[in-house]
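Raw structure.pdb, PDB, C-alpha atoms:
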ATOM      1  CA  MET A  44      60.126  63.854 105.157
ATOM      2  CA  THR A  45      62.065  63.125 108.340
ATOM      3  CA  TYR A  46      61.907  59.654 109.845
ATOM      4  CA  GLN A  47      64.218  58.337 112.521
ATOM      5  CA  PRO A  48      64.239  54.561 113.096
ATOM      6  CA  ASP A  49      65.391  53.093 116.377
ATOM      7  CA  ALA A  50      69.048  52.157 116.690
ATOM      8  CA  VAL A  51      68.325  48.451 117.318
ATOM      9  CA  PHE A  52      65.314  46.146 117.080
ATOM     10  CA  ILE A  53      65.615  43.110 119.360
ATOM     11  CA  ILE A  54      63.867  40.004 118.034
ATOM     12  CA  GLN A  55      62.369  38.417 121.147
ATOM     13  CA  ASP A  56      60.564  35.360 119.746
ATOM     14  CA  LEU A  57      60.949  32.716 117.059
ATOM     15  CA  ASP A  58      57.717  33.693 115.291
ATOM     16  CA  THR A  59      59.053  37.199 114.625
ATOM     17  CA  LEU A  60      62.368  35.726 113.447
ATOM     18  CA  LYS A  61      60.528  33.464 110.989
ATOM     19  CA  ILE A  62      58.484  36.425 109.732
ATOM     20  CA  MET A  63      61.627  38.454 109.100
ATOM     21  CA  ALA A  64      63.648  35.614 107.555
ATOM     22  CA  ASP A  65      61.349  35.251 104.536
ATOM     23  CA  ALA A  66      63.338  36.144 101.396
ATOM     24  CA  ARG A  67      60.753  38.589 100.013
ATOM     25  CA  ARG A  68      60.388  40.353 103.363
ATOM     26  CA  MET A  69      64.146  40.637 103.709
ATOM     27  CA  GLN A  70      64.191  42.405 100.336
ATOM     28  CA  ILE A  71      61.461  44.794 101.484
ATOM     29  CA  LEU A  72      63.444  45.564 104.639
ATOM     30  CA  GLU A  73      66.520  46.292 102.554
ATOM     31  CA  VAL A  74      64.583  48.841 100.511
ATOM     32  CA  VAL A  75      63.235  50.752 103.534
ATOM     33  CA  LEU A  76      66.344  50.427 105.679
ATOM     34  CA  ASN A  77      67.853  53.711 104.537
ATOM     35  CA  GLN A  78      64.812  55.438 103.052
ATOM     36  CA  THR A  79      61.055  55.598 103.389
ATOM     37  CA  ALA A  80      58.995  54.309 100.472
ATOM     38  CA  THR A  81      55.452  53.566  99.371
ATOM     39  CA  VAL A  82      54.322  50.110  98.317
ATOM     40  CA  LYS A  83      54.529  51.266  94.697
ATOM     41  CA  GLU A  84      58.104  52.505  95.156
ATOM     42  CA  ILE A  85      59.137  49.297  96.912
ATOM     43  CA  ALA A  86      57.567  47.265  94.100
ATOM     44  CA  GLU A  87      59.467  49.259  91.470
ATOM     45  CA  GLN A  88      62.792  48.656  93.206
ATOM     46  CA  LEU A  89      62.096  44.933  93.552
ATOM     47  CA  ASN A  90      60.644  44.666  90.032
ATOM     48  CA  GLN A  91      57.498  43.104  91.470
ATOM     49  CA  PRO A  92      53.815  44.011  91.111
ATOM     50  CA  PRO A  93      52.492  45.837  94.226
ATOM     51  CA  SER A  94      49.727  43.242  94.604
ATOM     52  CA  GLN A  95      52.367  40.634  95.537
ATOM     53  CA  LEU A  96      53.829  42.817  98.298
ATOM     54  CA  TYR A  97      50.823  43.981 100.320
ATOM     55  CA  TYR A  98      50.594  40.791 102.381
ATOM     56  CA  HIS A  99      54.311  40.840 103.224
ATOM     57  CA  ILE A 100      54.314  44.548 104.079
ATOM     58  CA  ASN A 101      51.251  44.171 106.305
ATOM     59  CA  THR A 102      52.877  41.205 108.046
ATOM     60  CA  LEU A 103      56.102  43.146 108.669
ATOM     61  CA  GLU A 104      54.119  46.095 110.016
ATOM     62  CA  LYS A 105      51.962  43.868 112.246
ATOM     63  CA  HIS A 106      55.084  42.446 113.907
ATOM     64  CA  GLY A 107      56.691  45.872 114.312
ATOM     65  CA  LEU A 108      59.539  45.212 111.880
ATOM     66  CA  ILE A 109      58.580  48.199 109.722
ATOM     67  CA  ARG A 110      56.510  51.278 110.548
ATOM     68  CA  VAL A 111      54.357  53.819 108.768
ATOM     69  CA  ALA A 112      56.689  56.809 108.569
ATOM     70  CA  ASP A 113      54.242  59.220 106.924
ATOM     71  CA  THR A 114      50.860  59.373 105.222
ATOM     72  CA  ARG A 115      49.511  61.629 102.478
ATOM     73  CA  VAL A 116      46.218  61.946 100.672
ATOM     74  CA  VAL A 117      46.836  61.441  96.949
ATOM     75  CA  SER A 118      43.810  61.705  94.634
ATOM     76  CA  GLY A 119      41.536  61.061  97.603
ATOM     77  CA  ILE A 120      43.440  57.938  98.643
ATOM     78  CA  ILE A 121      45.598  57.712 101.781
ATOM     79  CA  GLU A 122      49.105  56.692 100.710
ATOM     80  CA  LYS A 123      51.557  55.338 103.266
ATOM     81  CA  TRP A 124      55.341  55.664 103.382
ATOM     82  CA  TYR A 125      57.085  52.830 105.223
ATOM     83  CA  GLY A 126      60.399  52.835 107.044
ATOM     84  CA  ALA A 127      62.444  50.208 108.856
ATOM     85  CA  ALA A 128      61.763  49.987 112.574
ATOM     86  CA  ALA A 129      65.498  50.118 113.303
ATOM     87  CA  LYS A 130      68.912  50.478 111.692
ATOM     88  CA  GLN A 131      69.938  47.046 112.974
ATOM     89  CA  TYR A 132      68.027  43.875 113.856
ATOM     90  CA  GLN A 133      69.419  41.554 116.508
ATOM     91  CA  VAL A 134      68.262  38.276 118.033
ATOM     92  CA  ALA A 135      67.711  38.413 121.800
ATOM     93  CA  LYS A 136      70.287  36.558 123.893
ATOM     94  CA  GLU A 137      67.509  34.623 125.634
ATOM     95  CA  LEU A 138      66.246  33.367 122.283
ATOM     96  CA  LEU A 139      69.740  32.213 121.344
ATOM     97  CA  LEU A 140      70.055  30.398 124.682
ATOM     98  CA  ILE A 141      66.767  28.587 124.090
ATOM     99  CA  SER A 142      67.925  27.593 120.626
ATOM    100  CA  GLN A 143      71.226  26.359 122.047
ATOM    101  CA  THR A 144      69.524  23.858 124.355
ATOM    102  CA  SER A 145      66.534  22.831 122.218
ATOM    103  CA  ASP A 146      66.472  20.907 118.942
ATOM    104  CA  GLU A 147      63.181  22.599 118.055
ATOM    105  CA  GLY A 148      64.623  26.000 118.900
ATOM    106  CA  ARG A 149      67.663  25.427 116.696
ATOM    107  CA  GLU A 150      65.431  24.259 113.837
ATOM    108  CA  GLN A 151      63.239  27.354 114.071
ATOM    109  CA  LEU A 152      66.253  29.652 114.393
ATOM    110  CA  PHE A 153      68.371  28.385 111.506
ATOM    111  CA  THR A 154      65.879  26.964 108.987
ATOM    112  CA  PRO A 155      64.356  30.349 107.989
ATOM    113  CA  LEU A 156      67.815  31.910 107.839
ATOM    114  CA  PHE A 157      69.302  29.359 105.451
ATOM    115  CA  ASP A 158      66.084  28.805 103.493
ATOM    116  CA  SER A 159      65.702  32.514 102.726
ATOM    117  CA  ALA A 160      69.338  32.760 101.580
ATOM    118  CA  LYS A 161      68.904  29.669  99.386
ATOM    119  CA  GLN A 162      65.715  31.051  97.826
ATOM    120  CA  GLU A 163      67.349  34.408  97.089
ATOM    121  CA  LEU A 164      70.308  32.680  95.442
ATOM    122  CA  MET A 165      68.083  30.453  93.303
ATOM    123  CA  THR A 166      65.990  33.445  92.212
ATOM    124  CA  SER A 167      69.103  35.458  91.308
ATOM    125  CA  ILE A 168      70.374  32.525  89.228
ATOM    126  CA  GLU A 169      67.009  32.252  87.441
ATOM    127  CA  GLN A 170      67.099  35.988  86.705
ATOM    128  CA  GLY A 171      70.620  35.667  85.289
ATOM    129  CA  LYS A 172      72.082  37.953  87.951
ATOM    130  CA  VAL A 173      74.403  35.245  89.333
ATOM    131  CA  GLN A 174      76.687  33.036  87.271
ATOM    132  CA  LEU A 175      77.742  29.781  88.939
ATOM    133  CA  ALA A 176      80.345  28.776  86.351
ATOM    134  CA  HIS A 177      83.564  30.782  86.297
ATOM    135  CA  ASP A 178      83.745  32.890  83.179
ATOM    136  CA  GLU A 179      86.327  35.578  82.531
ATOM    137  CA  ALA A 180      83.788  37.434  80.394
ATOM    138  CA  VAL A 181      81.335  37.766  83.286
ATOM    139  CA  GLU A 182      81.448  41.093  85.076
ATOM    140  CA  PRO A 183      82.607  40.869  88.734
ATOM    141  CA  GLU A 184      79.188  41.916  90.051
ATOM    142  CA  GLY A 185      77.697  38.863  88.334
ATOM    143  CA  SER A 186      79.991  36.455  90.142
ATOM    144  CA  ALA A 187      79.127  34.825  93.442
ATOM    145  CA  VAL A 188      81.613  33.713  96.090
ATOM    146  CA  PHE A 189      81.151  30.186  97.436
ATOM    147  CA  MET A 190      83.172  28.335 100.027
ATOM    148  CA  ARG A 191      82.579  25.077 101.851
ATOM    149  CA  GLY A 192      85.594  23.573 103.546
ATOM    150  CA  TYR A 193      87.624  23.045 106.677
ATOM    151  CA  LYS A 194      90.715  24.709 108.101
ATOM    152  CA  ARG A 195      92.881  23.567 110.988
ATOM    153  CA  MET A 196      94.165  26.448 113.095
ATOM    154  CA  SER A 197      95.026  27.329 116.659
ATOM    155  CA  LYS A 198      92.486  29.037 118.903
ATOM    156  CA  THR A 199      94.590  32.195 118.808
ATOM    157  CA  ARG A 200      94.681  32.240 115.011
ATOM    158  CA  PHE A 201      90.956  31.563 114.870
ATOM    159  CA  GLN A 202      90.293  34.558 117.126
ATOM    160  CA  GLU A 203      92.428  36.738 114.849
ATOM    161  CA  PHE A 204      90.578  35.436 111.781
ATOM    162  CA  ARG A 205      87.220  35.975 113.484
ATOM    163  CA  THR A 206      88.115  39.591 114.274
ATOM    164  CA  ARG A 207      89.106  40.296 110.656
ATOM    165  CA  LEU A 208      85.954  38.623 109.392
ATOM    166  CA  GLN A 209      83.794  40.676 111.745
ATOM    167  CA  GLU A 210      85.423  43.849 110.423
ATOM    168  CA  VAL A 211      84.570  42.861 106.853
ATOM    169  CA  LEU A 212      80.994  41.974 107.828
ATOM    170  CA  GLN A 213      80.641  45.286 109.646
ATOM    171  CA  GLU A 214      81.679  47.054 106.452
ATOM    172  CA  PHE A 215      79.213  44.935 104.459
ATOM    173  CA  SER A 216      76.314  45.762 106.785
ATOM    174  CA  SER A 217      77.146  49.459 107.098
ATOM    175  CA  ASP A 218      74.199  51.676 106.198
ATOM    176  CA  THR A 219      76.448  54.318 104.601
ATOM    177  CA  PRO A 220      76.945  53.845 100.814
ATOM    178  CA  GLU A 221      80.579  54.189  99.767
ATOM    179  CA  ASP A 222      80.001  55.284  96.185
ATOM    180  CA  THR A 223      76.988  57.560  96.307
ATOM    181  CA  GLY A 224      77.622  58.799  92.792
ATOM    182  CA  ALA A 225      77.857  55.354  91.209
ATOM    183  CA  GLU A 226      75.073  52.979  90.271
ATOM    184  CA  GLN A 227      74.097  51.019  93.368
ATOM    185  CA  GLY A 228      73.408  47.280  93.447
ATOM    186  CA  LEU A 229      71.880  45.190  96.225
ATOM    187  CA  TYR A 230      73.955  42.221  97.403
ATOM    188  CA  SER A 231      72.960  39.399  99.724
ATOM    189  CA  GLY A 232      75.271  37.353 101.918
ATOM    190  CA  LEU A 233      75.290  34.576 104.480
ATOM    191  CA  VAL A 234      78.447  33.628 106.388
ATOM    192  CA  ALA A 235      78.875  30.934 109.018
ATOM    193  CA  VAL A 236      82.256  29.895 110.453
ATOM    194  CA  PHE A 237      82.210  27.643 113.528
ATOM    195  CA  PRO A 238      84.118  24.811 115.253
ATOM    196  CA  ALA A 239      83.401  21.601 113.338
ATOM    197  CA  PRO A 240      81.718  18.721 115.198
ATOM    198  CA  ASP A 241      83.732  15.775 116.459
ATOM    199  CA  SER A 242      83.568  13.131 113.718
ATOM    200  CA  SER A 243      83.877  10.359 116.313
ATOM    201  CA  GLN A 244      80.493  11.194 117.888
TER
END
Starting from the coordinates I provided, produce the structure as structure tokens.
Amino acid sequence: MTYQPDAVFIIQDLDTLKIMADARRMQILEVVLNQTATVKEIAEQLNQPPSQLYYHINTLEKHGLIRVADTRVVSGIIEKWYGAAAKQYQVAKELLLISQTSDEGREQLFTPLFDSAKQELMTSIEQGKVQLAHDEAVEPEGSAVFMRGYKRMSKTRFQEFRTRLQEVLQEFSSDTPEDTGAEQGLYSGLVAVFPAPDSSQ
């Protein structure tokens, strides 16, 4: 089947951002980002029973984040194939401006983002997919990268670092698999680098 998502989906309101930022829904979006899939196929990839996904899939569809790409009648039942609404999802500039000037806006913008990443990490640890302690015997794909610190640098050096980081993130978010013949794994990431607040205030 042929399905062409839009190039970009602009998130215009905080409610839609909160809907998308849920950890389970982010996983569903990852599955249908580069392929169309039924609820059963999505459930198989996420190792979850379909009954636990219907609510999330319906919510994503209701808010336009995913679409019905095709339907077929299978054994007298209409089966739906879902696809991502777009190849990339971006937050509208106006929404970012509101969040910049409003405590409530910032809370609604960042809380779902960090909460969903935290929940995914905790679940991966529970499933034994992520090892927190450094162990030479652990395969590289089972190791997570953590960093929390500070770095003094000039504005020029920061701009150079920011450019390199953006290049790496662009590679990470690319929708073209590098090793199509190898076994693929799904990886999650959250990166935030910003000027630190003034400690005197």
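Straight-line separation from CA of Ala66 in chain A to CA of Glu137 in chain A: 24.6 Å.
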Residues matched by the PyMOL selection byres ((chain A and resi 48-58) around 6) as a PyMOL selection string: chain A and resi 47+59-61+128-135
Output of the above residues as an mmCIF file, in the frame of the given file, restricted to C-alpha atoms:
data_model
loop_
_atom_site.group_PDB
_atom_site.id
_atom_site.type_symbol
_atom_site.label_atom_id
_atom_site.label_comp_id
_atom_site.auth_asym_id
_atom_site.auth_seq_id
_atom_site.Cartn_x
_atom_site.Cartn_y
_atom_site.Cartn_z
ATOM 1 C CA GLN A 47 64.218 58.337 112.521
ATOM 2 C CA THR A 59 59.053 37.199 114.625
ATOM 3 C CA LEU A 60 62.368 35.726 113.447
ATOM 4 C CA LYS A 61 60.528 33.464 110.989
ATOM 5 C CA ALA A 128 61.763 49.987 112.574
ATOM 6 C CA ALA A 129 65.498 50.118 113.303
ATOM 7 C CA LYS A 130 68.912 50.478 111.692
ATOM 8 C CA GLN A 131 69.938 47.046 112.974
ATOM 9 C CA TYR A 132 68.027 43.875 113.856
ATOM 10 C CA GLN A 133 69.419 41.554 116.508
ATOM 11 C CA VAL A 134 68.262 38.276 118.033
ATOM 12 C CA ALA A 135 67.711 38.413 121.800
#
Using all atoms listed in the file, which residues sit within 12 Å of range 192-203 of chain A once same-chain residues fewer than 6 positions away are excluded, as a PDB file with C-alpha atoms, in the coordinates of the input?
ATOM      1  CA  GLN A 209      83.794  40.676 111.745  1.00  0.00           C
ATOM      2  CA  GLU A 210      85.423  43.849 110.423  1.00  0.00           C
ATOM      3  CA  ALA A 235      78.875  30.934 109.018  1.00  0.00           C
ATOM      4  CA  VAL A 236      82.256  29.895 110.453  1.00  0.00           C
ATOM      5  CA  PHE A 237      82.210  27.643 113.528  1.00  0.00           C
ATOM      6  CA  PRO A 238      84.118  24.811 115.253  1.00  0.00           C
ATOM      7  CA  ALA A 239      83.401  21.601 113.338  1.00  0.00           C
ATOM      8  CA  PRO A 240      81.718  18.721 115.198  1.00  0.00           C
TER       9      PRO A 240
END
Hits of the PyMOL selection byres ((chain A and resi 126) around 6) in this structure, as an MDAnalysis selection string: chainID A and resid 75 79 109:110 112 125 127
Protein, DNA and RNA residues within 10 Å of (50.4, 52.1, 102.1), only C-alpha atoms, as an MDAnalysis selection string: chainID A and resid 80:83 97 100:101 111 113:115 120:125
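In this structure, CA of Ile62 in chain A sits 13.9 Å away from CA of Leu96 in chain A.
Put simply, CA of Ser186 in chain A is 5.6 Å away from CA of Gln174 in chain A.
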Result set, the PyMOL selection byres ((chain A and resi 64) around 12) on current file, as a ChimeraX atom specification: /A:54,57-63,65-72,99,103,108,132,134,151-163
Give me the box for range 133-145 of chain A as AutoDock Vina command-line options, namely the centre and edge lengths in Å to one decimal of a box along x, y and z that holds every listed atom plus 8 Å on each side.
--center_x 68.7 --center_y 32.2 --center_z 121.1 --size_x 21.0 --size_y 34.7 --size_z 25.1
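In terms of minimum interatomic distance to Ser167 in chain A, A:Tyr230 ranks closest within A:Glu84, A:Tyr46, A:Tyr230, A:Ser216, counting all atoms listed in the file.
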